Structures are given as structure tokens and as C-alpha cells.
Amino acid sequence: MTTPEPWLRGPIPGIASELQPVAHALSQAREDLPLAAGPLTLDELWVRPGGAASVGYHVRHLAGSLDRLFGYARGESLSREQLAALRAEGEPGDPPADAATLLAGAEDAIARAVAQLAATPPESLGDERLVGRAALPSTVRGLLFHAAEHTQRHVGQVITTAKIVRGLRLGSPTA
């Protein structure tokens, strides 16, 4: 028998019941990412099949998005470092980031997000927050739940793109 998905394992200790769905989604991402991206070569991580975004981009973007969205939930604006990281998400780097490096960044972002969930008082979930230069309205709840949904969306892209890349041998020097 396989282990049930995180949402079927019961509450995550230290997280308010109102935030369990966010914590469960982040736990699922934490488990799925290394299985999908971990075995990929550098070429496979950064190839863009049919012009689609690379696996490397999706892993880096979900980590950066968690950082940015959880920052907004704290009532912060984006820093210069966050803006620079956002601009560089799709670039492999020199040398290119490998799976271990990308996954460590995602794991760190997820761990920080879960720690913030544990420290978030449920009574603050309705607090208003402003997002981006346009100062669009949201709430702490809206930002945290969107961060979970957004993370899961990109994990799905990682899983699908990794399967395509491996199945078509894209990124292989002989492909």
C-alpha cells in the first residue's frame, strides 16, 4: 500500500485548521517535485519543448512566487532582490542550475512558507493586503490560498514537462 497524499494524513501539527489546505498543498509539492525534477539532466531541466517553459523555470518560479506572495501576506512590498530573482527565473544561469540546486531552493521556500503558516493567527486571515505596483486588493487568506494553488499549478507543469522531455528525449545531445 502506498502512503496517502498529505491531505489524507490528518492535520499538520502547529498549523491552524483554517490553513491546513495551504499546508497540505505545500506538503504535496514538497513530495512531488523531487520525484519529477530530481532525475533530470541539466539539458532536460532547461530545454523548452515546443517553446513551453522549462522544468527549471517552473521549479524556480514556484519558489520565487511563494516568497513574493507570502511577503505580500506579511504586508511587505517586493525587494530589489525579489525583483531581480523574478527577472532571472527562466534563465539557467552560468553555470546552469542543476536539479539539486533548484530543488533545494524550492524546499527552502516551502519550509519558510510553512513556518509562516504556523505563525499566522487565524484572526488575521481577513486582513487586507495590497499586491504589486498597482496595489490590487487582497487579503492574507487570499494570498496564502493563491500561493498554494499557484504552487500546485507549477508542480503540475513540472511533472508534465518532465514526462514530455524524458519521453521525447528532449535535451539529449542526440535528440
# chains A, B, ... in the order shown; residues from 1 in each chain; ligands from 1
>>> closest_atom_pairs(of="range 61-154 of chain A", to="range 27-49 of chain A", cutoff="7 Å", atoms="only C-alpha atoms", output="Markdown table")
| residue | atom | partner | partner_atom | distance |
| --- | --- | --- | --- | --- |
| A:Pro92 | CA | A:Trp46 | CA | 6.4 |
| A:Asp98 | CA | A:Leu42 | CA | 5.6 |
| A:Ala99 | CA | A:Gly38 | CA | 5.4 |
| A:Ala100 | CA | A:Gly38 | CA | 6.8 |
| A:Leu103 | CA | A:Pro34 | CA | 6.7 |
| A:Glu107 | CA | A:Arg30 | CA | 6.5 |
| A:Gln152 | CA | A:Ala29 | CA | 6.4 |
>>> residues_around(residues="range 73-77 of chain A", least_positions_apart="2", cutoff="10 Å", atoms="only C-alpha atoms", output="mmCIF file with N, CA, C and O atoms, in the first residue's frame")
data_model
loop_
_atom_site.group_PDB
_atom_site.id
_atom_site.type_symbol
_atom_site.label_atom_id
_atom_site.label_comp_id
_atom_site.auth_asym_id
_atom_site.auth_seq_id
_atom_site.Cartn_x
_atom_site.Cartn_y
_atom_site.Cartn_z
ATOM 1 N N ASP A 67 7.783 33.031 -2.153
ATOM 2 C CA ASP A 67 8.458 34.103 -1.422
ATOM 3 C C ASP A 67 7.721 35.435 -1.600
ATOM 4 O O ASP A 67 7.458 36.141 -0.623
ATOM 5 N N ARG A 68 7.361 35.747 -2.827
ATOM 6 C CA ARG A 68 6.694 37.023 -3.089
ATOM 7 C C ARG A 68 5.286 37.062 -2.491
ATOM 8 O O ARG A 68 4.905 38.036 -1.832
ATOM 9 N N LEU A 69 4.497 36.015 -2.707
ATOM 10 C CA LEU A 69 3.116 36.011 -2.213
ATOM 11 C C LEU A 69 3.054 35.996 -0.688
ATOM 12 O O LEU A 69 2.220 36.683 -0.089
ATOM 13 N N PHE A 70 3.932 35.230 -0.061
ATOM 14 C CA PHE A 70 3.946 35.215 1.402
ATOM 15 C C PHE A 70 4.464 36.540 1.950
ATOM 16 O O PHE A 70 4.070 36.968 3.034
ATOM 17 N N GLY A 71 5.341 37.214 1.211
ATOM 18 C CA GLY A 71 5.772 38.561 1.600
ATOM 19 C C GLY A 71 4.603 39.535 1.561
ATOM 20 O O GLY A 71 4.401 40.327 2.488
ATOM 21 N N SER A 79 11.175 43.389 -2.675
ATOM 22 C CA SER A 79 12.510 43.975 -2.547
ATOM 23 C C SER A 79 13.201 43.981 -3.907
ATOM 24 O O SER A 79 12.762 43.315 -4.847
ATOM 25 N N ARG A 80 14.307 44.705 -4.002
ATOM 26 C CA ARG A 80 15.104 44.693 -5.233
ATOM 27 C C ARG A 80 15.584 43.289 -5.555
ATOM 28 O O ARG A 80 15.622 42.880 -6.712
ATOM 29 N N GLN A 82 14.112 40.439 -4.770
ATOM 30 C CA GLN A 82 12.990 39.653 -5.279
ATOM 31 C C GLN A 82 12.683 40.002 -6.736
ATOM 32 O O GLN A 82 12.401 39.111 -7.538
ATOM 33 N N GLN A 116 5.748 30.267 8.203
ATOM 34 C CA GLN A 116 4.890 31.452 8.267
ATOM 35 C C GLN A 116 3.442 31.053 8.527
ATOM 36 O O GLN A 116 2.745 31.730 9.289
ATOM 37 N N THR A 120 0.879 32.345 11.565
ATOM 38 C CA THR A 120 -0.222 33.211 11.124
ATOM 39 C C THR A 120 -1.444 33.014 12.004
ATOM 40 O O THR A 120 -2.025 31.927 12.026
ATOM 41 N N SER A 124 -6.151 36.952 11.614
ATOM 42 C CA SER A 124 -5.557 37.888 10.640
ATOM 43 C C SER A 124 -5.926 37.544 9.205
ATOM 44 O O SER A 124 -5.594 38.315 8.284
ATOM 45 N N LEU A 125 -6.599 36.418 8.965
ATOM 46 C CA LEU A 125 -6.847 35.962 7.601
ATOM 47 C C LEU A 125 -7.680 36.936 6.773
ATOM 48 O O LEU A 125 -7.513 37.022 5.558
ATOM 49 N N ASP A 127 -7.491 40.188 7.063
ATOM 50 C CA ASP A 127 -6.795 41.472 6.964
ATOM 51 C C ASP A 127 -6.490 41.797 5.502
ATOM 52 O O ASP A 127 -6.047 40.934 4.742
ATOM 53 N N GLU A 128 -6.723 43.046 5.146
ATOM 54 C CA GLU A 128 -6.484 43.478 3.781
ATOM 55 C C GLU A 128 -4.997 43.579 3.496
ATOM 56 O O GLU A 128 -4.203 43.951 4.363
ATOM 57 N N ARG A 129 -4.632 43.235 2.270
ATOM 58 C CA ARG A 129 -3.259 43.358 1.792
ATOM 59 C C ARG A 129 -3.314 43.899 0.369
ATOM 60 O O ARG A 129 -4.259 43.634 -0.374
ATOM 61 N N LEU A 130 -2.287 44.643 0.008
ATOM 62 C CA LEU A 130 -2.180 45.195 -1.333
ATOM 63 C C LEU A 130 -1.100 44.447 -2.093
ATOM 64 O O LEU A 130 -0.044 44.119 -1.541
ATOM 65 N N VAL A 131 -1.363 44.207 -3.388
ATOM 66 C CA VAL A 131 -0.477 43.383 -4.193
ATOM 67 C C VAL A 131 0.054 44.174 -5.383
ATOM 68 O O VAL A 131 -0.733 44.735 -6.159
ATOM 69 N N GLY A 132 1.370 44.192 -5.526
ATOM 70 C CA GLY A 132 2.026 44.759 -6.693
ATOM 71 C C GLY A 132 2.025 46.266 -6.745
ATOM 72 O O GLY A 132 1.517 46.944 -5.852
ATOM 73 N N ARG A 133 2.640 46.748 -7.832
ATOM 74 C CA ARG A 133 2.731 48.208 -8.030
ATOM 75 C C ARG A 133 1.358 48.849 -8.128
ATOM 76 O O ARG A 133 1.172 49.995 -7.742
ATOM 77 N N ALA A 135 -1.133 48.024 -6.442
ATOM 78 C CA ALA A 135 -1.763 47.931 -5.128
ATOM 79 C C ALA A 135 -3.167 47.322 -5.231
ATOM 80 O O ALA A 135 -4.143 47.871 -4.716
ATOM 81 N N SER A 138 -6.335 42.441 -1.830
ATOM 82 C CA SER A 138 -6.456 41.038 -1.470
ATOM 83 C C SER A 138 -6.553 40.968 0.041
ATOM 84 O O SER A 138 -6.737 41.986 0.707
ATOM 85 N N THR A 139 -6.441 39.751 0.552
ATOM 86 C CA THR A 139 -6.421 39.538 1.999
ATOM 87 C C THR A 139 -5.299 38.550 2.300
ATOM 88 O O THR A 139 -4.762 37.894 1.397
ATOM 89 N N VAL A 140 -4.977 38.408 3.579
ATOM 90 C CA VAL A 140 -3.999 37.400 3.977
ATOM 91 C C VAL A 140 -4.481 36.032 3.488
ATOM 92 O O VAL A 140 -3.719 35.278 2.875
ATOM 93 N N ARG A 141 -5.738 35.710 3.724
ATOM 94 C CA ARG A 141 -6.310 34.429 3.283
ATOM 95 C C ARG A 141 -6.171 34.262 1.768
ATOM 96 O O ARG A 141 -5.718 33.230 1.283
ATOM 97 N N GLY A 142 -6.550 35.278 1.013
ATOM 98 C CA GLY A 142 -6.477 35.204 -0.436
ATOM 99 C C GLY A 142 -5.063 34.952 -0.931
ATOM 100 O O GLY A 142 -4.847 34.129 -1.825
ATOM 101 N N LEU A 143 -4.096 35.627 -0.343
ATOM 102 C CA LEU A 143 -2.706 35.449 -0.760
ATOM 103 C C LEU A 143 -2.179 34.064 -0.418
ATOM 104 O O LEU A 143 -1.520 33.419 -1.241
ATOM 105 N N LEU A 144 -2.478 33.580 0.789
ATOM 106 C CA LEU A 144 -1.974 32.261 1.196
ATOM 107 C C LEU A 144 -2.601 31.148 0.363
ATOM 108 O O LEU A 144 -1.899 30.224 -0.081
ATOM 109 N N ALA A 147 -1.227 31.311 -3.151
ATOM 110 C CA ALA A 147 0.144 30.775 -3.177
ATOM 111 C C ALA A 147 0.125 29.254 -3.264
ATOM 112 O O ALA A 147 0.900 28.656 -4.020
#
>>> residues_around(residues="Pro21 in chain A", least_positions_apart="2", cutoff="12 Å", atoms="only C-alpha atoms", output="ChimeraX atom specification")
/A:6-12,15-19,23-28,114,117,141,144-149,152
>>> write_last_selection(atoms="N, CA, C and O atoms", output="compact mmCIF listing (two decimals), in the first residue's frame")
# COMPACT_ATOMS: atom_id res chain seq x y z
N PRO A 6 -0.80 13.98 1.36
CA PRO A 6 -0.77 14.73 2.62
C PRO A 6 -2.13 15.11 3.18
O PRO A 6 -2.35 15.06 4.39
N TRP A 7 -3.07 15.48 2.33
CA TRP A 7 -4.37 15.90 2.83
C TRP A 7 -5.16 14.76 3.46
O TRP A 7 -6.14 14.99 4.18
N LEU A 8 -4.73 13.51 3.22
CA LEU A 8 -5.39 12.34 3.81
C LEU A 8 -4.63 11.77 5.00
O LEU A 8 -4.95 10.69 5.48
N ARG A 9 -3.63 12.49 5.48
CA ARG A 9 -2.83 12.03 6.61
C ARG A 9 -3.19 12.74 7.91
O ARG A 9 -2.53 12.55 8.92
N GLY A 10 -4.19 13.58 7.86
CA GLY A 10 -4.59 14.30 9.06
C GLY A 10 -3.94 15.66 9.13
O GLY A 10 -3.15 16.06 8.26
N PRO A 11 -4.26 16.39 10.20
CA PRO A 11 -3.75 17.75 10.35
C PRO A 11 -2.22 17.78 10.48
O PRO A 11 -1.62 16.88 11.06
N ILE A 12 -1.65 18.84 9.96
CA ILE A 12 -0.21 19.06 10.11
C ILE A 12 -0.03 19.81 11.43
O ILE A 12 -0.63 20.88 11.62
N ILE A 15 -0.26 23.96 12.65
CA ILE A 15 -0.92 24.80 11.65
C ILE A 15 -2.40 24.91 12.01
O ILE A 15 -3.06 23.89 12.25
N ALA A 16 -2.91 26.13 12.03
CA ALA A 16 -4.32 26.36 12.33
C ALA A 16 -5.20 25.60 11.35
O ALA A 16 -4.85 25.45 10.17
N SER A 17 -6.35 25.15 11.81
CA SER A 17 -7.24 24.36 10.94
C SER A 17 -7.63 25.14 9.69
O SER A 17 -7.77 24.54 8.62
N GLU A 18 -7.78 26.45 9.80
CA GLU A 18 -8.15 27.27 8.64
C GLU A 18 -7.07 27.25 7.55
O GLU A 18 -7.36 27.54 6.39
N LEU A 19 -5.85 26.92 7.92
CA LEU A 19 -4.73 26.94 6.97
C LEU A 19 -4.23 25.56 6.59
O LEU A 19 -3.26 25.43 5.84
N ALA A 23 -1.22 24.22 3.88
CA ALA A 23 -0.10 23.38 4.33
C ALA A 23 -0.08 22.04 3.61
O ALA A 23 0.99 21.54 3.23
N HIS A 24 -1.25 21.46 3.40
CA HIS A 24 -1.31 20.18 2.68
C HIS A 24 -0.85 20.33 1.23
O HIS A 24 -0.12 19.48 0.70
N ALA A 25 -1.26 21.41 0.56
CA ALA A 25 -0.84 21.63 -0.82
C ALA A 25 0.67 21.82 -0.91
O ALA A 25 1.33 21.28 -1.81
N LEU A 26 1.23 22.54 0.04
CA LEU A 26 2.68 22.75 0.04
C LEU A 26 3.42 21.45 0.36
O LEU A 26 4.48 21.18 -0.21
N SER A 27 2.86 20.63 1.24
CA SER A 27 3.46 19.33 1.54
C SER A 27 3.44 18.42 0.31
O SER A 27 4.41 17.70 0.05
N GLN A 28 2.35 18.46 -0.44
CA GLN A 28 2.27 17.67 -1.67
C GLN A 28 3.33 18.13 -2.66
O GLN A 28 3.99 17.30 -3.29
N VAL A 114 5.71 27.28 5.23
CA VAL A 114 5.04 26.50 6.27
C VAL A 114 5.30 27.12 7.65
O VAL A 114 4.39 27.19 8.48
N LEU A 117 2.99 29.96 7.91
CA LEU A 117 1.63 29.48 8.19
C LEU A 117 1.45 29.21 9.68
O LEU A 117 0.42 29.57 10.27
N ARG A 141 -5.74 35.71 3.72
CA ARG A 141 -6.31 34.43 3.28
C ARG A 141 -6.17 34.26 1.77
O ARG A 141 -5.72 33.23 1.28
N LEU A 144 -2.48 33.58 0.79
CA LEU A 144 -1.97 32.26 1.20
C LEU A 144 -2.60 31.15 0.36
O LEU A 144 -1.90 30.22 -0.08
N PHE A 145 -3.89 31.25 0.11
CA PHE A 145 -4.56 30.21 -0.68
C PHE A 145 -4.14 30.29 -2.15
O PHE A 145 -3.95 29.27 -2.79
N HIS A 146 -3.96 31.50 -2.66
CA HIS A 146 -3.48 31.62 -4.03
C HIS A 146 -2.05 31.06 -4.15
O HIS A 146 -1.73 30.39 -5.13
N ALA A 147 -1.23 31.31 -3.15
CA ALA A 147 0.14 30.77 -3.18
C ALA A 147 0.12 29.25 -3.26
O ALA A 147 0.90 28.66 -4.02
N ALA A 148 -0.77 28.62 -2.52
CA ALA A 148 -0.87 27.15 -2.56
C ALA A 148 -1.35 26.69 -3.92
O ALA A 148 -0.78 25.75 -4.51
N GLU A 149 -2.37 27.32 -4.45
CA GLU A 149 -2.91 26.96 -5.76
C GLU A 149 -1.87 27.19 -6.85
O GLU A 149 -1.67 26.35 -7.73
N GLN A 152 0.83 24.50 -6.73
CA GLN A 152 0.36 23.25 -7.29
C GLN A 152 0.27 23.31 -8.82
O GLN A 152 0.57 22.33 -9.50
>>> residues_around(residues="range 87-89 of chain A", least_positions_apart="5", cutoff="6 Å", atoms="only C-alpha atoms", output="ChimeraX atom specification")
/A:57,60-61
>>> atom_distance(atom1="CA of Thr151 in chain A", atom2="CA of Gly51 in chain A")
21.4 Å
>>> select_by_dssp(residues="range 56-107 of chain A", states="alpha helix (DSSP H)", output="VMD selection string")
chain A and resid 56 to 73 80 to 88 99 to 107
>>> closest_residue(among="A:Ala52, A:Ala115, A:Ile110, A:Ala85", to="Ile164 in chain A", atoms="only C-alpha atoms")
A:Ala52
